[in-house]
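K.L.:
Pasting a structure below so you can have a look.
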Amino acid sequence: MSESYDFLFKFLVIGSAGTGKSCILHQFIESKFKEGSSHTIGVEFGSKIINVGGKSIKLQIWDTAGQERFRSVTRSYYRGAAGALLVYDITNRDSFNVLENWLSDARTLASPNIVILLVGNKRDLEDEREVTFIEASNFAQANEMVFLETSAKSGENVEEAFLKCSKTILAKIQNGELDPVSVGSGIQYGDTSLRNLQNPQPSNRTFKKPDCSGRCF
């Protein structure tokens with residue numbers, strides 16, 4: 001039996017190596033921590049259907065390698081992405097300092113309307129924190145991003161990160177800012193939405209015949 005969903009969104013998970021991107025994806029898809037995770041070589045992929053605002057959304061998620069030697073490969077996956085989680089490690093100042101580079105790549109190479117959510121991962125390592133919540137929050141606000149801290153290990157806020165990003169994309173579709181039919185939007189109609197478009201529901205309104213005993217215009 002094929003999956004049924006209203007929309008498909010292409011997502012990216014980007015950021016420096018060692019920030020826990022693969023662990024975030026694994027926690028989201030499998031609801032468990034990925035022990036002994038090694039650096040991603042090239043790109044990894046996962047998908048999941050979630051419910052957002054009464055709509056069934058299928059996320060196709062591309063987890064990109066954070067190492068510099070893979071940047072030329074992973075940049076090709078940016079094209080046509082509707083959403084992205086930009087991940088840094090709260091215990092690693094360097095991973096935060098290079099966020100502007102990742103942000104620039106995403107906004108230059110992906111869809112011009114890409115929705116990016118900033119994620120400070122490894123919240124479970126509070127004692128080793130090098131980047132404050134306020135500092136990251138200010139960076140997100142200055143760059144028009146929503147911000148969350150997560151723990152791929154405990155699962156804290158991992159699903160919420162994908163949900164928040166998806167809610168923003170869906171809102172942009174509903175208010176006309178994003179068009180799923182547009183090439184490169186990173187969005188597609190699913191079978192459910194296509195059926196609704198092809199077979200619109202009859203209106204619940206009832207119409208009365210005008211009383212033309214007098215003059216009708």
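Labels used: A, B, ... for chains in the order of the structure tokens, numbers from 1 for residues in each chain, and numbers from 1 for ligands as shown.
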When you look at Leu163 in chain A with a cut-off of 12 Å (counting only C-alpha atoms), what residues show up, excluding the ones that are within fewer than 5 positions of it in the same chain? I need them as a list in words.

P.N.:
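What passes the distance filter is Phe9, Phe11, Phe28, Lys48, Ile49, Ile50, Asn51, Val52, Gly53, Lys55, Ser56, Ile57, Lys58, Leu59, Gly83, Ala84, Leu85, Leu117, Val146, Leu148, Asn157, Val158, Thr168, Ile169 and Leu170 of chain A.
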
K.L.:
I want to know what sits within 12 Å of Glu30 in chain A, based on only C-alpha atoms, with residues of the same chain fewer than 6 positions away left out; could you give that as a PDB file with N, CA, C and O atoms, in the first residue's frame?

P.N.:
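Saved to part-v2.pdb:
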ATOM      1  N   SER A  22      23.769  13.714  12.052  1.00  0.00           N
ATOM      2  CA  SER A  22      23.282  12.364  11.770  1.00  0.00           C
ATOM      3  C   SER A  22      22.503  11.800  12.952  1.00  0.00           C
ATOM      4  O   SER A  22      21.519  11.071  12.775  1.00  0.00           O
ATOM      5  N   CYS A  23      22.944  12.144  14.154  1.00  0.00           N
ATOM      6  CA  CYS A  23      22.257  11.671  15.360  1.00  0.00           C
ATOM      7  C   CYS A  23      20.880  12.318  15.488  1.00  0.00           C
ATOM      8  O   CYS A  23      19.924  11.676  15.940  1.00  0.00           O
ATOM      9  N   ILE A  24      20.773  13.582  15.094  1.00  0.00           N
ATOM     10  CA  ILE A  24      19.462  14.263  15.096  1.00  0.00           C
ATOM     11  C   ILE A  24      18.527  13.575  14.118  1.00  0.00           C
ATOM     12  O   ILE A  24      17.362  13.289  14.434  1.00  0.00           O
ATOM     13  N   GLY A  46      16.953  10.218   4.886  1.00  0.00           N
ATOM     14  CA  GLY A  46      15.886   9.616   5.673  1.00  0.00           C
ATOM     15  C   GLY A  46      14.567  10.284   5.328  1.00  0.00           C
ATOM     16  O   GLY A  46      14.548  11.403   4.805  1.00  0.00           O
ATOM     17  N   SER A  47      13.467   9.606   5.589  1.00  0.00           N
ATOM     18  CA  SER A  47      12.163  10.206   5.330  1.00  0.00           C
ATOM     19  C   SER A  47      11.186   9.808   6.427  1.00  0.00           C
ATOM     20  O   SER A  47      11.319   8.750   7.044  1.00  0.00           O
ATOM     21  N   LYS A  48      10.187  10.676   6.637  1.00  0.00           N
ATOM     22  CA  LYS A  48       9.177  10.421   7.661  1.00  0.00           C
ATOM     23  C   LYS A  48       7.948  11.271   7.362  1.00  0.00           C
ATOM     24  O   LYS A  48       8.066  12.401   6.888  1.00  0.00           O
ATOM     25  N   ALA A 152      20.198  15.280  20.740  1.00  0.00           N
ATOM     26  CA  ALA A 152      19.979  14.084  19.930  1.00  0.00           C
ATOM     27  C   ALA A 152      20.035  12.840  20.810  1.00  0.00           C
ATOM     28  O   ALA A 152      19.439  11.814  20.482  1.00  0.00           O
ATOM     29  N   GLY A 155      16.641  13.103  22.882  1.00  0.00           N
ATOM     30  CA  GLY A 155      15.502  13.354  21.997  1.00  0.00           C
ATOM     31  C   GLY A 155      14.825  14.690  22.243  1.00  0.00           C
ATOM     32  O   GLY A 155      13.884  15.051  21.530  1.00  0.00           O
ATOM     33  N   VAL A 158      13.973  17.424  19.370  1.00  0.00           N
ATOM     34  CA  VAL A 158      14.367  16.986  18.030  1.00  0.00           C
ATOM     35  C   VAL A 158      13.161  16.999  17.086  1.00  0.00           C
ATOM     36  O   VAL A 158      13.200  17.616  16.014  1.00  0.00           O
ATOM     37  N   GLU A 159      12.078  16.347  17.482  1.00  0.00           N
ATOM     38  CA  GLU A 159      10.887  16.351  16.634  1.00  0.00           C
ATOM     39  C   GLU A 159      10.315  17.755  16.511  1.00  0.00           C
ATOM     40  O   GLU A 159       9.848  18.152  15.441  1.00  0.00           O
TER      41      GLU A 159
END

K.L.:
For the atom pair CA of Gly186 in chain A and CA of Thr108 in chain A, what is the interatomic distance in Å to one decimal place?

P.N.:
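We find that CA of Gly186 in chain A and CA of Thr108 in chain A lie 14.5 Å from each other.
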
K.L.:
Suppose you want the space between CA of Asp127 in chain A and CA of Lys153 in chain A; what is it in Å?

P.N.:
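Distance between the two atoms: 15.3 Å.
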
K.L.:
Would you please work out which residue, of A:Ala106, A:Leu118, A:Ala142, A:Ile134, is nearest to Val87 in chain A when using only C-alpha atoms?

P.N.:
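Using only C-alpha atoms, Val87 in chain A sits closest to A:Leu118.
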
K.L.:
Calculate how many Å separate CA of Asn121 in chain A from CA of Glu100 in chain A, rounding to one decimal.

P.N.:
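Taking CA of Asn121 in chain A as the start and CA of Glu100 in chain A as the end point, the length is 16.9 Å.
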
K.L.:
With only C-alpha atoms as the basis for distance, which of A:Phe96, A:Phe133, A:Phe162, A:Tyr77 is at the shortest distance from Ile116 in chain A?

P.N.:
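That would be A:Phe162, the residue with the smallest distance to Ile116 in chain A.
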
K.L.:
Apply DSSP to the structure's backbone, then extract all residues of range 13-202 of chain A labelled strand (DSSP E) and return them as an MDAnalysis selection string.

P.N.:
chainID A and resid 13:15 43:52 55:64 83:89 115:121 146:149 187:189
